$ cat model_22.txt   # compact mmCIF, C-alpha atoms
# COMPACT_ATOMS: atom_id res chain seq x y z
CA MET A 442 -33.61 -42.31 -48.36
CA SER A 443 -31.48 -39.53 -47.02
CA SER A 444 -29.92 -41.92 -44.47
CA THR A 445 -28.47 -44.15 -47.24
CA LYS A 446 -27.18 -41.12 -49.08
CA ASN A 447 -25.65 -39.85 -45.85
CA ALA A 448 -24.05 -43.28 -45.23
CA GLN A 449 -22.70 -43.35 -48.79
CA ASP A 450 -21.33 -39.92 -48.33
CA MET A 451 -19.65 -40.99 -45.10
CA LYS A 452 -17.97 -43.97 -46.87
CA ASP A 453 -16.71 -41.67 -49.61
CA ILE A 454 -15.53 -39.16 -47.04
CA LYS A 455 -13.65 -41.84 -45.08
CA ILE A 456 -12.04 -43.12 -48.31
CA ILE A 457 -10.98 -39.60 -49.31
CA ILE A 458 -9.54 -38.88 -45.84
CA ALA A 459 -7.86 -42.30 -45.55
CA ASN A 460 -6.25 -42.02 -49.00
CA TYR A 461 -5.00 -38.51 -48.28
CA MET A 462 -3.56 -39.47 -44.87
CA LYS A 463 -1.95 -42.60 -46.29
CA SER A 464 -0.33 -40.64 -49.13
CA GLN A 465 1.02 -37.96 -46.79
CA TYR A 466 1.89 -40.32 -43.93
CA ARG A 467 2.55 -37.56 -41.41
CA PRO A 468 0.52 -35.88 -38.67
CA TYR A 469 -1.92 -33.10 -39.55
CA SER A 470 -4.38 -31.06 -37.53
CA THR A 471 -8.05 -30.94 -38.55
CA ASN A 472 -7.65 -27.48 -40.06
CA ASP A 473 -4.58 -28.56 -42.08
CA ILE A 474 -6.44 -31.55 -43.47
CA LEU A 475 -9.42 -29.38 -44.40
CA LEU A 476 -7.22 -26.86 -46.19
CA ASN A 477 -5.11 -29.51 -47.97
CA LEU A 478 -8.19 -31.35 -49.25
CA HIS A 479 -9.36 -28.10 -50.87
CA ASN A 480 -12.95 -28.40 -49.67
CA GLN A 481 -13.49 -31.92 -51.05
CA VAL A 482 -15.00 -32.71 -47.64
CA PRO A 483 -17.22 -30.28 -45.67
CA LYS A 484 -15.87 -29.18 -42.28
CA GLN A 485 -18.69 -30.80 -40.26
CA LYS A 486 -18.31 -34.17 -41.99
CA LEU A 487 -14.48 -34.01 -41.81
CA GLY A 488 -14.55 -34.16 -38.00
CA VAL A 489 -17.02 -37.07 -38.09
CA GLY A 490 -14.93 -38.92 -40.75
CA LEU A 491 -11.68 -38.42 -38.81
CA ALA A 492 -13.34 -39.66 -35.59
CA ALA A 493 -14.73 -42.72 -37.41
CA LEU A 494 -11.33 -43.57 -38.91
CA ALA A 495 -9.69 -43.14 -35.50
CA LYS A 496 -12.33 -45.44 -34.00
CA GLU A 497 -11.63 -48.06 -36.71
CA ASP A 498 -7.88 -47.80 -35.84
CA GLU A 499 -6.88 -46.56 -39.27
CA LEU A 500 -5.70 -43.24 -37.85
CA LEU A 501 -3.80 -42.37 -34.68
CA VAL A 502 -5.01 -39.37 -32.70
CA LYS A 503 -2.83 -37.19 -30.49
CA ILE A 504 -4.57 -34.36 -28.65
CA VAL A 505 -2.42 -31.38 -27.70
CA GLY A 506 -4.42 -28.76 -25.84
CA LYS A 507 -7.57 -28.13 -27.88
CA THR A 508 -6.06 -29.32 -31.17
CA SER A 509 -6.20 -32.92 -32.40
CA TYR A 510 -3.48 -34.27 -34.68
CA TYR A 511 -4.20 -37.25 -36.91
CA CYS A 512 -1.69 -39.57 -38.53
CA TYR A 513 -2.11 -42.75 -40.56
CA LYS A 514 -1.02 -45.89 -38.72
CA MET A 515 2.25 -47.53 -39.74
CA LEU A 516 2.16 -49.03 -43.19
CA VAL A 517 2.90 -52.74 -42.95
CA HIS A 518 3.88 -54.69 -46.00
CA ASN A 519 2.69 -58.28 -46.11
CA LEU A 520 5.67 -60.51 -46.70
CA ASP A 521 5.62 -63.81 -48.53
CA SER A 522 7.70 -66.69 -47.25
CA SER A 523 10.17 -66.06 -50.09
CA ASP A 524 10.56 -62.45 -48.95
CA THR A 525 11.26 -63.60 -45.39
CA GLY A 526 13.94 -65.95 -46.68
CA LEU A 527 15.53 -63.06 -48.57
CA LEU A 528 15.47 -60.88 -45.46
CA GLU A 529 17.12 -63.63 -43.42
CA SER A 530 19.83 -64.16 -46.02
CA ALA A 531 20.53 -60.41 -46.38
CA PRO A 532 23.34 -60.27 -43.74
CA GLN A 533 25.07 -63.23 -45.38
CA MET A 534 24.74 -61.55 -48.79
CA GLU A 535 26.17 -58.31 -47.41
CA LYS A 536 29.15 -60.21 -46.00
CA GLU A 537 29.71 -61.97 -49.32
CA LEU A 538 29.43 -58.63 -51.12
CA ALA A 539 32.08 -57.12 -48.81
CA ASP A 540 34.34 -60.14 -49.44
CA ILE A 541 33.88 -59.76 -53.19
CA GLY A 542 34.72 -56.05 -52.90
CA ASP A 543 37.94 -56.91 -51.04
CA GLU A 544 38.80 -59.51 -53.67
CA ILE A 545 38.19 -56.96 -56.45
CA ASN A 546 40.53 -54.49 -54.72
CA ASP A 547 43.23 -57.17 -54.38
CA LEU A 548 42.88 -58.19 -58.02
CA THR A 549 42.99 -54.54 -59.13
CA THR A 550 46.24 -54.04 -57.22
CA GLU A 551 47.68 -57.24 -58.68
CA LEU A 552 46.66 -56.17 -62.19
CA ARG A 553 48.33 -52.78 -61.70
CA ASP A 554 51.51 -54.55 -60.59
CA PHE A 555 51.42 -56.82 -63.65
CA LYS A 556 50.97 -53.83 -65.96
CA SER A 557 54.06 -52.19 -64.47
CA MET A 558 56.16 -55.32 -65.09
CA PRO A 559 57.96 -55.62 -68.43
CA SER A 560 56.59 -58.06 -71.01
CA ASN A 561 58.41 -61.23 -72.07
CA ASN A 562 59.63 -59.56 -75.27
CA GLU A 563 61.00 -56.61 -73.31
CA ILE A 564 62.80 -58.97 -70.92
CA ILE A 565 64.31 -60.93 -73.81
CA GLN A 566 65.44 -57.69 -75.47
CA LYS A 567 67.03 -56.40 -72.25
CA LEU A 568 68.73 -59.77 -71.72
CA THR A 569 70.15 -59.70 -75.23
CA GLU A 570 71.40 -56.13 -74.70
CA ALA A 571 72.99 -57.11 -71.37
CA LYS A 572 74.73 -60.12 -72.97
CA GLU A 573 76.10 -57.86 -75.72
CA LYS A 574 77.40 -55.38 -73.12
CA ILE A 575 79.06 -58.22 -71.19
CA ARG A 576 80.70 -59.51 -74.36
CA VAL A 577 82.00 -56.01 -75.22
CA LEU A 578 83.31 -55.53 -71.66
CA LYS A 579 85.06 -58.92 -71.73
CA ASP A 580 86.71 -58.02 -75.04
CA ASP A 581 87.83 -54.69 -73.59
CA GLN A 582 89.17 -56.47 -70.50
CA LYS A 583 91.16 -58.93 -72.64
CA LYS A 584 92.68 -56.06 -74.61
CA LEU A 585 93.62 -54.26 -71.40
CA ASN A 586 95.11 -57.42 -69.85
CA GLN A 587 97.25 -58.04 -72.92
CA ASN A 588 98.46 -54.47 -73.20
CA SER A 589 98.53 -53.24 -69.63
CA PHE A 590 101.80 -54.44 -68.14
CA GLU A 591 103.55 -55.17 -71.41
CA SER A 592 103.43 -51.58 -72.47
CA THR A 593 106.71 -49.69 -72.53
CA GLU A 594 104.94 -46.45 -71.61
CA ILE A 595 103.78 -47.72 -68.24
CA LYS A 596 107.04 -49.41 -67.15
CA PRO A 597 108.92 -46.12 -66.51
CA HIS A 598 106.04 -44.85 -64.37
CA ILE A 599 105.94 -48.04 -62.37
CA SER A 600 109.69 -47.94 -61.73
CA HIS A 601 109.45 -44.30 -60.66
CA LEU A 602 106.63 -45.13 -58.22
CA ARG A 603 108.69 -48.01 -56.78
CA ARG A 604 111.65 -45.68 -56.20
CA VAL A 605 109.45 -43.07 -54.48
CA HIS A 606 107.95 -45.77 -52.29
CA LYS A 607 111.38 -47.08 -51.37
CA GLN A 608 112.52 -43.54 -50.52
CA TYR A 609 109.46 -43.03 -48.38
CA LYS A 610 110.27 -46.14 -46.42
CA GLU A 611 113.85 -45.06 -45.90
CA ASN A 612 113.24 -41.40 -45.13
CA SER A 613 109.88 -40.50 -43.83
CA ILE A 614 108.40 -37.48 -45.55
CA LEU A 615 107.30 -36.09 -42.18
CA GLU A 616 110.84 -36.23 -40.87
CA SER A 617 112.06 -34.51 -44.00
CA ILE A 618 109.92 -31.48 -43.28
CA GLY A 619 110.89 -31.39 -39.60
CA ILE A 620 108.14 -33.29 -37.81
CA GLU A 621 109.46 -35.74 -35.25
CA ASN A 622 108.07 -39.20 -34.46
CA LEU A 623 106.33 -38.06 -31.23
CA GLU A 624 104.47 -35.32 -33.01
CA MET A 625 103.69 -37.64 -35.87
CA THR A 626 102.07 -40.25 -33.59
CA ARG A 627 99.97 -37.60 -31.97
CA TYR A 628 98.36 -36.54 -35.29
CA ILE A 629 98.08 -39.91 -36.93
$ encode --input "model_22.txt" --output "structure tokens"
Amino acid sequence: MSSTKNAQDMKDIKIIIANYMKSQYRPYSTNDILLNLHNQVPKQKLGVGLAALAKEDELLVKIVGKTSYYCYKMLVHNLDSSDTGLLESAPQMEKELADIGDEINDLTTELRDFKSMPSNNEIIQKLTEAKEKIRVLKDDQKKLNQNSFESTEIKPHISHLRRVHKQYKENSILESIGIENLEMTRYI
């Protein structure tokens, strides 16, 4: 009767140790495991349970000097065929995601450019204002053309300028102040 109780205890001990090692998923020495389990497993049965789990290939054992370190074997997730298909399509999805990100950046830039452009109403208003300015300038130009050379105030100034120009041609200003042609060509 004690042998079945001992076997039951060993199953419970292996379950406790396996669950703890799986949850931690890092290497521990025997003493660390004993301390971290807070005496749920007696020290003598802990060594036997760890050895049994290592024998069943649930735990990896690395011996360094006199100390043994135990670690749970790599957790492997069972994949369905649909999961494998998703894993195979992941690079394509990442590429599409990058392309979509680039397209979003381009559209954002384009939207910013459109926001900075004036609206149709603003363009129509500016066009109307420009047409009005052109009309006013043309009216001003017509008034100036009609009055510019007909004016009696400007005619005396024009005749004076013509006389000065004629004098300049006849008597060079440079010669009048004493500069000769040779000197003049050197500075001009």
$ closest_residue --input "model_22.txt" --among "A:Asp580, A:Asn472, A:Gly526, A:Gln465" --to "Lys484 (chain A)" --atoms "all atoms listed in the file"
A:Asn472
$ residues_around --input "model_22.txt" --residues "Tyr461 (chain A)" --least-positions-apart "4" --cutoff "10 Å" --atoms "all atoms listed in the file" --output "list of chain:residue names"
A:Lys455, A:Ile456, A:Ile457, A:Gln465, A:Tyr466, A:Ile474, A:Asn477, A:Leu478, A:Tyr513
$ write_last_selection --input "model_22.txt" --atoms "C-alpha atoms" --output "PDB file, keeping the file's coordinate frame"
ATOM      1  CA  LYS A 455     -13.650 -41.840 -45.080  1.00  0.00           C
ATOM      2  CA  ILE A 456     -12.040 -43.120 -48.310  1.00  0.00           C
ATOM      3  CA  ILE A 457     -10.980 -39.600 -49.310  1.00  0.00           C
ATOM      4  CA  GLN A 465       1.020 -37.960 -46.790  1.00  0.00           C
ATOM      5  CA  TYR A 466       1.890 -40.320 -43.930  1.00  0.00           C
ATOM      6  CA  ILE A 474      -6.440 -31.550 -43.470  1.00  0.00           C
ATOM      7  CA  ASN A 477      -5.110 -29.510 -47.970  1.00  0.00           C
ATOM      8  CA  LEU A 478      -8.190 -31.350 -49.250  1.00  0.00           C
ATOM      9  CA  TYR A 513      -2.110 -42.750 -40.560  1.00  0.00           C
TER      10      TYR A 513
END
$ residues_around --input "model_22.txt" --residues "Cys512 (chain A)" --least-positions-apart "2" --cutoff "7 Å" --atoms "all atoms listed in the file" --output "PyMOL selection string"
chain A and resi 462+466-469+500-502+510+514
$ atom_distance --input "model_22.txt" --atom1 "CA of Ser470 (chain A)" --atom2 "CA of Met515 (chain A)"
17.9 Å
$ atom_distance --input "model_22.txt" --atom1 "CA of Gln566 (chain A)" --atom2 "CA of Thr550 (chain A)"
26.7 Å
$ atom_distance --input "model_22.txt" --atom1 "CA of Gly506 (chain A)" --atom2 "CA of Ala492 (chain A)"
17.1 Å
$ closest_residue --input "model_22.txt" --among "A:Thr471, A:Leu494, A:Asn480, A:His598" --to "Ala459 (chain A)" --atoms "all atoms listed in the file"
A:Leu494
$ residues_around --input "model_22.txt" --residues "Val489 (chain A)" --least-positions-apart "3" --cutoff "12 Å" --atoms "all atoms listed in the file" --output "PyMOL selection string"
chain A and resi 447-448+450-452+454-455+458+471+482-486+492-496
$ decode --input "model_22.txt" --residues "region 564-575 of chain A" --atoms "all heavy atoms" --output "short mmCIF file (atom, residue, chain, number, x, y, z; two decimals), in the first residue's frame"
data_model
loop_
_atom_site.label_atom_id
_atom_site.label_comp_id
_atom_site.auth_asym_id
_atom_site.auth_seq_id
_atom_site.Cartn_x
_atom_site.Cartn_y
_atom_site.Cartn_z
N ILE A 564 -10.37 81.76 -55.77
CA ILE A 564 -9.79 82.01 -57.09
C ILE A 564 -10.69 82.94 -57.89
O ILE A 564 -10.20 83.89 -58.52
CB ILE A 564 -9.57 80.67 -57.85
CG1 ILE A 564 -8.47 79.86 -57.17
CG2 ILE A 564 -9.22 80.93 -59.31
CD1 ILE A 564 -8.30 78.47 -57.73
N ILE A 565 -11.99 82.71 -57.85
CA ILE A 565 -12.93 83.57 -58.58
C ILE A 565 -12.87 84.99 -58.03
O ILE A 565 -12.86 85.97 -58.79
CB ILE A 565 -14.37 82.99 -58.49
CG1 ILE A 565 -14.44 81.70 -59.31
CG2 ILE A 565 -15.40 84.00 -58.97
CD1 ILE A 565 -15.74 80.93 -59.12
N GLN A 566 -12.79 85.13 -56.70
CA GLN A 566 -12.72 86.46 -56.09
C GLN A 566 -11.43 87.17 -56.51
O GLN A 566 -11.45 88.35 -56.87
CB GLN A 566 -12.79 86.34 -54.57
CG GLN A 566 -12.77 87.67 -53.86
CD GLN A 566 -12.81 87.51 -52.35
OE1 GLN A 566 -12.82 86.40 -51.84
NE2 GLN A 566 -12.82 88.63 -51.65
N LYS A 567 -10.30 86.46 -56.48
CA LYS A 567 -9.03 87.07 -56.88
C LYS A 567 -9.05 87.44 -58.36
O LYS A 567 -8.51 88.49 -58.74
CB LYS A 567 -7.87 86.12 -56.59
CG LYS A 567 -7.54 86.00 -55.12
CD LYS A 567 -6.37 85.09 -54.88
CE LYS A 567 -6.07 84.98 -53.39
NZ LYS A 567 -4.91 84.12 -53.13
N LEU A 568 -9.68 86.62 -59.18
CA LEU A 568 -9.78 86.92 -60.61
C LEU A 568 -10.62 88.17 -60.84
O LEU A 568 -10.25 89.04 -61.65
CB LEU A 568 -10.39 85.71 -61.34
CG LEU A 568 -10.50 85.80 -62.86
CD1 LEU A 568 -9.11 85.94 -63.48
CD2 LEU A 568 -11.19 84.58 -63.41
N THR A 569 -11.70 88.28 -60.11
CA THR A 569 -12.56 89.47 -60.23
C THR A 569 -11.80 90.72 -59.80
O THR A 569 -11.86 91.77 -60.47
CB THR A 569 -13.83 89.30 -59.37
OG1 THR A 569 -14.47 88.08 -59.72
CG2 THR A 569 -14.79 90.45 -59.56
N GLU A 570 -11.06 90.62 -58.69
CA GLU A 570 -10.26 91.75 -58.21
C GLU A 570 -9.19 92.14 -59.23
O GLU A 570 -8.96 93.32 -59.50
CB GLU A 570 -9.61 91.42 -56.87
CG GLU A 570 -10.58 91.32 -55.72
CD GLU A 570 -9.94 90.78 -54.44
OE1 GLU A 570 -8.71 90.52 -54.45
OE2 GLU A 570 -10.65 90.64 -53.45
N ALA A 571 -8.55 91.13 -59.83
CA ALA A 571 -7.51 91.41 -60.83
C ALA A 571 -8.10 92.07 -62.07
O ALA A 571 -7.50 93.02 -62.62
CB ALA A 571 -6.79 90.11 -61.22
N LYS A 572 -9.29 91.61 -62.50
CA LYS A 572 -9.95 92.24 -63.66
C LYS A 572 -10.29 93.70 -63.37
O LYS A 572 -10.13 94.57 -64.22
CB LYS A 572 -11.21 91.47 -64.04
CG LYS A 572 -10.94 90.18 -64.76
CD LYS A 572 -12.23 89.47 -65.12
CE LYS A 572 -11.97 88.16 -65.84
NZ LYS A 572 -13.23 87.46 -66.17
N GLU A 573 -10.74 93.97 -62.15
CA GLU A 573 -11.08 95.34 -61.75
C GLU A 573 -9.83 96.22 -61.75
O GLU A 573 -9.84 97.35 -62.24
CB GLU A 573 -11.75 95.34 -60.37
CG GLU A 573 -12.15 96.71 -59.87
CD GLU A 573 -13.20 97.37 -60.76
OE1 GLU A 573 -13.97 96.67 -61.43
OE2 GLU A 573 -13.21 98.62 -60.79
N LYS A 574 -8.71 95.68 -61.24
CA LYS A 574 -7.45 96.44 -61.25
C LYS A 574 -7.00 96.72 -62.67
O LYS A 574 -6.53 97.84 -62.98
CB LYS A 574 -6.36 95.68 -60.50
CG LYS A 574 -6.48 95.71 -59.00
CD LYS A 574 -5.34 94.97 -58.35
CE LYS A 574 -5.49 94.94 -56.85
NZ LYS A 574 -4.42 94.17 -56.19
N ILE A 575 -7.14 95.74 -63.55
CA ILE A 575 -6.75 95.94 -64.96
C ILE A 575 -7.61 97.01 -65.60
O ILE A 575 -7.12 97.88 -66.33
CB ILE A 575 -6.86 94.59 -65.74
CG1 ILE A 575 -5.76 93.64 -65.27
CG2 ILE A 575 -6.78 94.82 -67.24
CD1 ILE A 575 -5.90 92.22 -65.84
#
